[in-house]
Each structure stands twice: as C-alpha cells, then as structure tokens.
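To start, the structure under review is shown below, and the notes come after it.
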Amino acid sequence: MIINHPLLGPRDAQEFTYLGDASLIDRPDWQDENAAEKFHDYLYIRDNPAGQHRELWYHEQGDRSWLVVTRDTLTHEITNVELARDVAIAGGRGR
Amino acid sequence: MTQTNRISGGLVDRSKTLNFTFNGKNLQGHPGDTLASALLANGQRMMGRSFKYHRPRGVLTAGSEEPNALVQLRAGAHQEPNTRATVAELFDGLAATSQNHRGSLETDLMEVTDLFSRFLSAGFYYKTFMWPKSFWEKVYEPIIRHSAGLGRLSGQEDPDIYDKGFLHCDLLVIGGGPAGLSAALTAGRSGARVILADEDFLFGGRLNAETFEVDAMPGSDWAERARAELTAMDNVRLMTRTTVYGAYDHGIYGALERMTDHLPTSSGKPRQILWRIYSKRAVLCAGATERPIAFGNNDRPGVMLAGAVRAYANRWAAAPGKRVAVFTNNDDGWRTASDLSRAGVTISAIIDSRDGEPRAQIPGATVAMGGRVMDTCGRKGIRSIKLVDGRTIDADCLAVSGGWNPNVHLTGHQRGRPAWREDLAAFVPGEDLPAGMAVAGAANGALTLAAALSEGRAASEKALNDLGISPNGGDMVKAEDEAADITAFWHVGESKARAWLDQQNDVTAKDVKLAHRESYRSVEHLKRYTTLGMATDQGKTANMLALAIMAECTGKTIPETGTTIFRPPYTPIAMGALAGRARGKDFRPYRLTPSHKWAEEQGAVFVTTGMWLRAQWFPRPDETHWRESVDREVAGTRGSVGVCDVTTLGKIDIQGRDAAEFLNKLYVNGFAKLAVGKVRYGLMLREDGMAMDDGTTARLGEHHFVMTTTTANAGPVFRHMEFCRQCLWPELDVNLISTTDGWAQFAVAGPNARKLLQKVVDPEHDITNEAFPFMACAELTICGGTKARLFRISFSGELAFEIAVPARYGDSLMRVLMAVGEEFDVVPYGTEALGVMRIEKGHAAGNELTGQTSAANLGMGRMVSKKKDCIGNTLSERPDLNRDDGLRLVGFKPVNRVETLTSGAHFIALGKSAVMDNDEGWMSSVTFSPELGHSIGIGFIKQGSERLGEVVRAVDLVRGKDIEVEIVSAHFIDPEGERLRV
Amino acid sequence: MSEYTLTAQPALGGYQETFEGVSLEEQTGLAIVSIATPIGGEDALVKALKDGYGAALPKTGEVSLSKDGQTRFLGMARDQMFAIFDHTEPDAVDIVGGKLKDVAYLTSQSDNWVGLRLSGSKSRDVLERICPLDLEPSRFAEGKVARTSMEHMGVIILPDGADSFLLITASSSAASFLHAVETSIQNVVG
C-alpha cells in the first residue's frame, strides 16, 4: 500500500507501523464519574467496519509522525491522511 | 543427430551453433531457440512423463503456460527441477533431463500406474487411504512420498545469488506484444516515464510468431524497430525476461527479472531480481492463451496447440511434425495450416467443428467441416487420429485450437472478477480492475492485430491524460485485422478414451464429471477435489475446458459457473528469488555495541538480543563450561569490580517545558518532583494496566531528562511516547529523540567500582558517597576532559555506576577501564552474569514483563500513584487485577539444595495432583547463584508475598521434574540494599 | 588527573573504496545536532536561524543552507530538524547552541549516526536495489532530504551533487548497512 503523507507525499506502507482505530486518540478523563467504564469502552469496544475506517499509522521509518488514515477496509482505498496531532487538537485534546 | 525438423526462416541465428544435451544425448540448436524449439527441431517429441499416470508427454505450448514439457536444468547444486522447456533459452552447454520416470524416458517402469488409472480418479486419496488406519504411516505415506512431485531438488544449498529492487514509473506496460509496444511508444514519445516488461527475451509477442505485416513490414521487423526506438529513450526502461507476476495495492506490481538464466553461468551476479514497481498507471497487455479441445488421448506427444505449432514454425523454424493435422473451432486454426503449408510442411487434414465452407484451400489436406477428432493412436507420440465419422488420418502432429483466453489474471489480483463474452467464448477483464490499471489488446479481448495496436495506443493516451501529460504518440501504425470467427466447442462427447484437461496434474473430463456426480458444485471445490488448475501452470490451458464441462453437467452457463480466484504469482517464482539477499547472516542487520571489537578480541561468546549482538560471557582458556565463566564473572564483580557494556538499553532524550509533566503521565510513579542531578526508577503500564516496560530516568536539567528503556522495548516505548505526545497530550511542550546509539554506556559494578572510576573521572568531580550518593547523576569529564555522563544506579545489587561517553570513545573507554581496573582484578561480564545477578537481586526483566503481569503482580502495586493521571492507572484498578489471591513475584529455593530449578515449572501445593485446577503460578527465571551456591528462581505464585517460608512443588511436566521449593523473598542478596548505598 | 586519554574511532574505520562507476566513503567528522522547536517557539527559531546562520527554517523533507554554506539544516519532522556540518570534536551542540541561544531544544546526534557518501554515475543503480524512494534527479534533487528504511535499517538520504548521495544511518548497525551498500555495488557494477 501507499500512504500519501500530508508533509512528505506518497510513501510505501512498509515505512509505517499500524496501531488501530483512530478513536484511541479520544482517551477518557481519569476523573470522570464512570472513568473505569469509559476506559473499558475506549480500550476494548471497537467498530469493525466493512468500508471506511479511520485508523492510526506511525511513520516509524520516516518523520515519526502519527497519522490518521481513512482507508476502505474492503478495497484498501485511502481517501484521507491527516496528522494525528492536528486531529487531536481539532477534537479538543489539549484544552 | 541432426536438426531433422529445422525448416527455413524464423528468428534463430543459424550463423552460430549451440551444443546442448537432453538426457545425455548431444544435440544442436541456435541462438534464439528455446529448449523446446531446439528439441522439436531435433525431432524430439517426447519430453517427459506425466505426474500421476506416467503418460508420455510432449510439448503442448510455446510459452510460459506450458503444462507438460517440464525438465530439470543444469547439474549439481545448480540443478533446477520443473523448468518449462518452452521458456528456457538455449545456451551453449545447456544440460537438460526429463522428469518423473524410473528407468529411461522411453521405458518408464512407473508406466503401470496408467493401467490402474480407474483407481486413481478424482479424490482417490480421500477414498483409498482410509483403511486400515495403521497402514497410513507405514505403507501409504512412504509410497505417496516416493511418487510425489516431478523433478528433484539438488539437496544442496542454492549457490546462486538473488537480489531485490525498487522501480518507479508513470506508466507500467505489462507485455511487449503489439498492444504493449503501441502503448509504450505512445507514452515514451509523450515524455512519460515508462517501464515496458515482457517475460520473453524478445519484444513483439505474437508478432514474432505470426506472418502479419505492420506498417508494410514483417511484424517481427516492426517489433524490432519499436524496441530500438524505445531503447533510445531515456525515459523508457525496457525489461525483457521479466514477468510482472502480481498486481498489488495502489499501483504496486511485483516483477521477476531473470538476469542470467539464459547464460551458462551467473558470474557472481544475481541470477534473478525481484522488483517492486511503483506505477502511477499500468496497461496490461498480457495477450491471450490458446486453449485445447478435449478428446480421447489428446495428451500424446505431438498433440499441440495450433498457435504454438505456428510459433515453432514461424519464429523458431522448427516443424513440430512432418504430417500435421489441424483440429479447430475457429479461424485461427486455419492460419496454422496455411503458414505450415507455405513453409513446406505437409498438412494431412483440417478438421473444423463448425459447419460451412472451408476457410482456405490447403493443398493435399483432407478437410472435414463439422468434423471432430475422437481419439489418437501411437504409443510414444501420435501416428494417426480417428474422427467421429470413423475416418483415420495419418499425422505425427495434431494442432488443436479451441479459441483464445485473454490473460486476465492480473486484473483479478485485487479480487476483480472477469466478465464473459459470448462472441469470443471467453472471459475478458471485468469492470472492477485494480486501481490505475487499464487493459489493452488480446488481454482485453481484442484478439486481432489492428485492434490490439489501437487499443494499446488508446489505453496509453488515457493514462497520460489522467497524469496530465499530453499524448504525442505520432502516426497511427497500419495493420489489418485477421479473421477470428469462433463457435464455442469444448469437448468431443463421442470420445470413449480419457480426455485430458489439466495435463500437468493429470485431470480428465471424467474426473470433472465424477466430481459433479459426487455433488461438488462450486468451481472452488471442483478445483480442490480434482486438483485441476493446482499445478505450477495454474491450469492456464485447462481451466476453461473444465468450467465448460462443469457447466454442461449442472445445466448452467459458463459465466454462471464462474472462475476460481486469480492470485499471484502469474508464473512460478523460485524461493531463492523471494528470499533475495536475506539468507544466512544477511537475514537481518546486526547492531554492534561500541565494545564489540574489544570483546571479539577477548574471545567473547555473543548472543543476539533483538538486532543486537551482545557479549554473553568471556571464556578464559582454562574454562571448559559456560558456567565456569559466568560464575567467575559474577564472583569477580561481587568480590571486587566488573564492567558490562549496557549500551543496548534504549536511551531517549526528553526535553521541553513540560517534560516532567509528560513523564508523570507516562510512568505510574511521580517524576515531577525529581531533583536535577537525580535518577529514579520508573514503571510504565499499558493502558490496560499491564506492565509495559521499566527503567531509570535521569534529570539532567529543569527541562531535560534522559530515559532508559529495556533493550527489547526501546522501539515500542519510543513509539508509545510519540503517540502520547502527539495524540493524547498535544498541548505539552516536550520533544523526544533517541540517543541509544550516541552514547557508549558501561555498568561498573562491585565494591571497588568507585575506586576504579575515580581513576578515570577527572579530579575536579567528586564522586564520593557523600557528594554523589545512590541515584545521583551528573554530566562531567573523564580522562582529561572528555565529556561523559555518570549515573549511580545498580542492576546487580552492588555499589554500581553507569558511565556514558559519546559512542566514538566507547572502544577506547572499555580498554581504559580494563587497564585502570587491573589493580582491582576487574572482570568484564556478559549478559549471562548480568542475568544471574539480577535474579539474585530479584529484579524483573523480560521473563517477568510478559505483557500479562500487572504492577501488583510484580510487587510494585503501591508505586501506582492514585493522585495523578497516568497511562494504565484507571484500568489497573480493575477488580480482577486486585484479587486477594493475585499472583505475586517472589523467590524460590529448592528444599534439597542440590536440585536444579527450571523456568516454566508450575507451582502445585504439596500432595495435590499436577493438573490445571491446582495450578498456583509459575517459575519465570532461574539461575545457579554463585553467591548462595545453589539453584534459585523467581516466579509468580498466588499471594506469594504472604507465604514466605511455605513449601510447594515446582512441577515441570515438559522436563519431567517435580521439586519441592521454599517460597522466599526475591531479594536473595543484600535484602536491605546496603551494598549499593556505600 | 587520569594518565589515560580517550581516542575517537570512526564507526566504519574511515572506510573508503572506489569501484567501477561509484565510490563509497565514510564521512568522518560529520557533526549532527537535532534542533526541536518548542511549542509556540517557531517565530523565535526562525529569527535565531536567520541571525545566527542566515538560514531559513526548512520544510519537512527539505534542506536549507547557512549563508556561509557550511551548515545544512535538514527538515526531519514538523517540529524537528538536523543541523549537519563538518566538525570533529563532540561538542557540536555547544556550537549550535552558541548561535541559536535558547530558542530550541538541542540534542547531540553526531555519535548516533554514520555518514556515507555514495557518488558516481552508477549511484542510482546501486541504490535502486535497496532504496524504496524515487530518486529520479528531477524529483529528488539537491535541497531534498528523506528518511526511509533500507534493508530494515533507518536511513536519511540527501542528494549532495549531481550523482552523489549522503546516506546517514544508525551507528550501531552501520557495518550491516555498509555491507548492504557494498552488496548492491557488487551486484550492479562489481
């Protein structure tokens, strides 16, 4: 596969390592009332879509950036690649 | 023997003669020949024995789809079985032998299997070898093993070298026939970066095998002119002898280039190269494969595909027979008759399954319109054919054409399904092609010349437009479309004798019918039950016939019956090519420590830990057993001082205004208040509450830390930290960079460690216990001004330091430490002594950090701060991780001190049986303790910390041990930690 | 005062070989300093680079050059660049720190890496066997830099001449990397 890195352009997927669902960015607050339950869901409950999937890839043999890659699990078509840091900030992390 | 069947014309170079042998017989051919064409030119029709029935077989095709003419090439370690004679280029001195016979090719003792063929039908394995059960291992399996396979491996290591590589292009053109040349010329002239690959050693494809004209010149001349033009273009890479074998995601293709297979020797260069081609667009111009018609005994040597017969005559000037008959269901078969007749070969008959008028006048040929061949005669090759109408016609070659199948294989590698075209009676590429791929020419069902040329050009132009390159392909080439009418006809129902479909796996029409009777309906099941299409040729000439027969049996249409899924590789690839360079010591890279060269000089024994090579122990000449060396190293360290290269531990430089806060969130214990100049042990959990890694982190400045990780986890921990930094806490000002390779780091341990170091540390730095206590760190200078880092940390339980210098000084520092330490009898110690001392001290390491152990299991539950957020703290509070009877890491001593403990043993209470229900935990690490003089171990046992003094059994069912052990503190040595604080 | 002094060893012993069409040479004395941008500190770094070096902040994947042409800044990541320059002593961090003051986080990387220069008309053919990147001259010319993996080893590659590449690879596995490049050379030119 080829991942079109937002800063570096197309790179072979062999340069990357895979983590999984991009929802791992949305780590719950440890002080929430139902923190244990939320952490359980965060860690173990995943969608397994046959189609578009937002997932985390790490450019280990490149610029060390974490990326959110939108990939169709049926065709491997990649429709969007973003820097995970930007996604995290846009999603309200770090506020 | 002379070349009895060599005729005039062709693309062989008669000015040179090549000598070769077949089964030891000396024969001659010419440059341009394949082994198959040269054998035919020498009148050798029989080339091998079939897989199951040991039937005599000759060559069926003239290309890579060949199922029959599989030979063993070369000799000794270079011997390669199952090579297709049709693609093996002739070279001087080539030695080939036929396969799968006991005795000579002509008188194969295994021929008797053919008499028992009715027992060997589809599924015979499943049916025959069921009983009696005891026969399987002793009788059936040895027989099957003996008769399995075709050729034989040399049994020696492959002496050839192989390589891999990466190529990039705008347009990849797969196949260099008329469509491919047309596509490549268009793109090349337009300035695009083009790769044109063809499996043949000549570009031109069918142009070299036919008598067509292009631009008013012979087709093969035009192909040669196109090649010359493309060769002159810097933006075009031409690759002959290169099979594009697979289409992968996002325009990536796999290709195998055969560099030296056509040469007598490889001369130290790679024999084959496996290329990964990155293309923006691709045009598949892979041509088409002719298919046979099934009739009785259609596998005898001399029965060949009509297009192949024509190719041998036109391209290779080799007549496959003296009296050739043609059996066809389409116009193409007639071209074989006319071309051969023109070349002076007698055409004895033309049998066309279609009614109507003869398509051509062939002098002397019997013409049977609406005719069918029912059977053939001749033991080692055909002598005559029998028609359904009762006529017998003499022929030593029968050219059969059942029509052409577009080579759609690569279009299906991303799971696309082909579509049926009734007018061609063939499958063509479906709509769901791999992204970026277009198909042109015969591969796309454009089976005639002018159509192929214009499709190639059009597909190329479309790809160029997609890429924003304006097409500038020059003048249209001029060529005619030939007659190509076909009426589907698959098999001769009147045939009584066996009709072969898959000749390589010996699958007959009867087998398909039997599979149907036994209720196999899906083509995928049919394939696996009968083994049809499962040989190295993947059924390229067989599958369509079987589908047609299956469709007939089920009353469905062929498209309803469907095809099996196409998978890479298109043609077989040697395992050596897939391995490439990754053999032996080159399987993976090695990382060497800064003291590696010095350790080699000492005769150290090395061990691989991940990619690292580390000194395991340093044997002395008088030592005969590894434990002597290790015990000495431990005793020397604990008795005075030892030095160990610990550079392999991961080192991560952490800087930023929020570096301390970042570490606080990463480790379970607090780091925010760690003072500058101090080191702290830290435990990292995964988010699920299980231990991930541990190590020490030193604070070099207010905003500057250096973390160490375990050797094994350096990469994963760095990745995890980047995830935390970028995804979880993007607001924190913190930056990470690995410095593992940058610093040579040595542990200096033992009661004389300080005394030794005081001799290298520059005198202005005070490293006394008062000034530089346990867990202190400093940046200082050594040996007269060289910058270094010193950490007072201990893994051995002794007074110990780790000293780090820029890696360039590592070798030098090791030598200095040894020289300075001479007066203290300093010993270098390896990973084995390191392991002994850490077990004696009860430190957890890889055996304990299994990914299934929590902080509580490790006895570090209280380290997990409840006052702050950190990775893993919430889920580490899960009830099941906090059970009263949870596992705890403790130490174990054999009650009988002479017993040797084993890791992996499970703990069972005294008097209970050794079954899972009674399992209380396991031993994770064991060693012989030189200090205590007996075997010790650490491990996990339920409520271990509350059971000190209790005796249980360590049961190791694998090694057959059952030993009584006493539960003790894991700190076997210096439990109060006095030694390391002096 | 210690009676011993430490001597520096180049990771590949100062390797230097010439083959038909290519030469391969260890770049001893190559100083590398990682420069990380603090959050919110980009403007200050841009100014410091300009004042200290007369250089621009490189984009990721690009190289900017100091005014005196002696220091190259390689854009390694959005918040990180490497300064590389010829300097034999291990105090490169202090030199860069002296020019940039406190506007960035500096880490010595000189000893983490080994530089190898592969040059000559066949250098692209040699790299084709191990480098997955497109090195076609118009696409990967001087001024570009990339970090990738060759034969399972991380490599920073930058063109530094028409047919010349600087290959920067981890010092611990440098011997294996050298072997990989030498094997390519043998397989391609011999």
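Here's how to read the names in the structure tokens: chain A, B, ... by the order shown, residue numbers from 1 in each chain, ligand numbers from 1 in the order shown.
Counting only C-alpha atoms, every residue of chain B that comes within 8 Å of chain A is listed here: Tyr248, Asp249, His250, Ile252, Glu687, Asp688, Arg719, Glu722, Phe723, Gln726, Cys727, Leu728, Trp729, Pro730, Glu731, Leu732, Asp869, Thr874, Leu875 and Arg878 of chain B.
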>> I need the helix (DSSP H, G or I) residues of region 712-790 of chain B per DSSP on the backbone, written as an MDAnalysis selection string.
In response: chainID B and resid 714:728 740:742 753:758
Write the residues of the preceding selection, restricted to N, CA and C atoms, as a PDB file, in the first residue's frame.
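Below is the file selection-v6.pdb, written as the result:
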ATOM      1  N   ALA B 714      13.002  -0.716  23.380  1.00  0.00           N
ATOM      2  CA  ALA B 714      13.415   0.647  23.038  1.00  0.00           C
ATOM      3  C   ALA B 714      12.529   1.231  21.933  1.00  0.00           C
ATOM      4  N   GLY B 715      12.302   0.444  20.885  1.00  0.00           N
ATOM      5  CA  GLY B 715      11.484   0.932  19.769  1.00  0.00           C
ATOM      6  C   GLY B 715      10.027   1.121  20.160  1.00  0.00           C
ATOM      7  N   PRO B 716       9.391   0.079  20.702  1.00  0.00           N
ATOM      8  CA  PRO B 716       7.978   0.209  21.090  1.00  0.00           C
ATOM      9  C   PRO B 716       7.723   1.322  22.109  1.00  0.00           C
ATOM     10  N   VAL B 717       8.636   1.517  23.053  1.00  0.00           N
ATOM     11  CA  VAL B 717       8.415   2.568  24.050  1.00  0.00           C
ATOM     12  C   VAL B 717       8.496   3.940  23.392  1.00  0.00           C
ATOM     13  N   PHE B 718       9.450   4.115  22.502  1.00  0.00           N
ATOM     14  CA  PHE B 718       9.570   5.397  21.797  1.00  0.00           C
ATOM     15  C   PHE B 718       8.286   5.682  21.005  1.00  0.00           C
ATOM     16  N   ARG B 719       7.802   4.670  20.317  1.00  0.00           N
ATOM     17  CA  ARG B 719       6.576   4.793  19.526  1.00  0.00           C
ATOM     18  C   ARG B 719       5.393   5.172  20.430  1.00  0.00           C
ATOM     19  N   HIS B 720       5.322   4.512  21.578  1.00  0.00           N
ATOM     20  CA  HIS B 720       4.257   4.776  22.548  1.00  0.00           C
ATOM     21  C   HIS B 720       4.350   6.212  23.055  1.00  0.00           C
ATOM     22  N   MET B 721       5.569   6.658  23.329  1.00  0.00           N
ATOM     23  CA  MET B 721       5.744   8.020  23.843  1.00  0.00           C
ATOM     24  C   MET B 721       5.361   9.054  22.791  1.00  0.00           C
ATOM     25  N   GLU B 722       5.699   8.767  21.527  1.00  0.00           N
ATOM     26  CA  GLU B 722       5.294   9.689  20.466  1.00  0.00           C
ATOM     27  C   GLU B 722       3.772   9.711  20.332  1.00  0.00           C
ATOM     28  N   PHE B 723       3.159   8.558  20.523  1.00  0.00           N
ATOM     29  CA  PHE B 723       1.687   8.515  20.475  1.00  0.00           C
ATOM     30  C   PHE B 723       1.106   9.397  21.581  1.00  0.00           C
ATOM     31  N   CYS B 724       1.642   9.255  22.785  1.00  0.00           N
ATOM     32  CA  CYS B 724       1.157  10.051  23.910  1.00  0.00           C
ATOM     33  C   CYS B 724       1.364  11.539  23.642  1.00  0.00           C
ATOM     34  N   ARG B 725       2.530  11.866  23.098  1.00  0.00           N
ATOM     35  CA  ARG B 725       2.891  13.260  22.872  1.00  0.00           C
ATOM     36  C   ARG B 725       2.027  13.895  21.780  1.00  0.00           C
ATOM     37  N   GLN B 726       1.856  13.161  20.666  1.00  0.00           N
ATOM     38  CA  GLN B 726       1.160  13.763  19.523  1.00  0.00           C
ATOM     39  C   GLN B 726      -0.349  13.629  19.608  1.00  0.00           C
ATOM     40  N   CYS B 727      -0.815  12.489  20.149  1.00  0.00           N
ATOM     41  CA  CYS B 727      -2.248  12.201  20.073  1.00  0.00           C
ATOM     42  C   CYS B 727      -2.984  12.484  21.380  1.00  0.00           C
ATOM     43  N   LEU B 728      -2.352  12.210  22.519  1.00  0.00           N
ATOM     44  CA  LEU B 728      -3.085  12.334  23.775  1.00  0.00           C
ATOM     45  C   LEU B 728      -2.901  13.694  24.437  1.00  0.00           C
ATOM     46  N   THR B 740      20.168   6.257  21.749  1.00  0.00           N
ATOM     47  CA  THR B 740      20.690   4.927  22.083  1.00  0.00           C
ATOM     48  C   THR B 740      22.076   4.704  21.484  1.00  0.00           C
ATOM     49  N   ASP B 741      22.197   5.000  20.179  1.00  0.00           N
ATOM     50  CA  ASP B 741      23.464   4.729  19.505  1.00  0.00           C
ATOM     51  C   ASP B 741      24.518   5.780  19.798  1.00  0.00           C
ATOM     52  N   GLY B 742      24.100   6.902  20.361  1.00  0.00           N
ATOM     53  CA  GLY B 742      25.003   8.030  20.515  1.00  0.00           C
ATOM     54  C   GLY B 742      25.944   7.917  21.700  1.00  0.00           C
ATOM     55  N   ALA B 753      33.979  -0.413  42.570  1.00  0.00           N
ATOM     56  CA  ALA B 753      33.560   0.353  41.390  1.00  0.00           C
ATOM     57  C   ALA B 753      33.984   1.809  41.494  1.00  0.00           C
ATOM     58  N   ARG B 754      33.773   2.401  42.667  1.00  0.00           N
ATOM     59  CA  ARG B 754      34.113   3.822  42.804  1.00  0.00           C
ATOM     60  C   ARG B 754      35.618   4.039  42.667  1.00  0.00           C
ATOM     61  N   LYS B 755      36.367   3.146  43.316  1.00  0.00           N
ATOM     62  CA  LYS B 755      37.824   3.302  43.256  1.00  0.00           C
ATOM     63  C   LYS B 755      38.314   3.255  41.812  1.00  0.00           C
ATOM     64  N   LEU B 756      37.715   2.373  41.064  1.00  0.00           N
ATOM     65  CA  LEU B 756      38.120   2.277  39.662  1.00  0.00           C
ATOM     66  C   LEU B 756      37.764   3.570  38.924  1.00  0.00           C
ATOM     67  N   LEU B 757      36.519   4.008  39.128  1.00  0.00           N
ATOM     68  CA  LEU B 757      36.069   5.180  38.380  1.00  0.00           C
ATOM     69  C   LEU B 757      36.821   6.443  38.779  1.00  0.00           C
ATOM     70  N   GLN B 758      37.226   6.496  40.038  1.00  0.00           N
ATOM     71  CA  GLN B 758      37.970   7.686  40.470  1.00  0.00           C
ATOM     72  C   GLN B 758      39.273   7.841  39.691  1.00  0.00           C
TER      73      GLN B 758
END
> Within 7 Å of chain C, which residues of chain A show up when using only C-alpha atoms, listed as number ranges by chain?
Replying inline: A: 7-8, 15, 61-63
> Which residues of chain B are close to chain C, meaning at most 7 Å apart when you count only C-alpha atoms, and how do they look as a PyMOL selection string?
Replying inline: chain B and resi 164-168+269-270+589-593+655-656+733+735+739+741-742+759-760+762-763+783-784+806-809+812-813+816
> When you draw a straight line from CA of Phe201 (chain B) to CA of Pro31 (chain B), how long is it in Å?
Replying inline: 11.3 Å
>> Set the distance at 9 Å and use only C-alpha atoms: which residues neighbour Ala546 (chain B) once local chain neighbours fewer than 2 positions away are removed? I'd like the list as a ChimeraX atom specification.
In response: /B:490,501-502,508-509,512,532,542-544,548-551
>> Please list as number ranges by chain every residue within 8 Å of Phe73 (chain C), counting only C-alpha atoms and excluding residues in the same chain fewer than 5 positions away.
In response: C: 57-58, 63-66, 81-84
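Taking only C-alpha atoms, the non-local environment of His53 (chain A) within 8 Å (same-chain residues fewer than 2 positions away omitted) comprises Asp21, Pro49, Gly51, Glu55, Val69, Thr70, Arg71, Asp72 and Thr73 of chain A.
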>> Measuring between only C-alpha atoms, which one of C:Gly143, C:Gly54, C:Gly115, C:Gly120 shows the shortest distance to Phe19 (chain C)?
In response: C:Gly120
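CA of Ile157 (chain C) sits 21.3 Å away from CA of Leu736 (chain B).
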>> Which residue is closest to Ala744 (chain B)? Choose from B:His971, B:Arg789, B:Arg838, B:Arg897 and count only C-alpha atoms.
In response: B:Arg789
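Picture a line from CA of Gly603 (chain B) to CA of Phe618 (chain B); it runs 6.4 Å.
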> Near Arg49 (chain B), counting only C-alpha atoms, which residues have an atom at most 7 Å away, once you skip same-chain residues fewer than 2 positions from it, shown as a PyMOL selection string?
Replying inline: chain B and resi 51+54-57+99-101
>> Among region 14-181 of chain C, which ones does DSSP assign to strand (DSSP E) (computed from the backbone)? Answer as a PyMOL selection string.
In response: chain C and resi 16-19+22-26+30-36+63-65+72-77+80-86+105-108+113-119+146-150+153-161+164-170
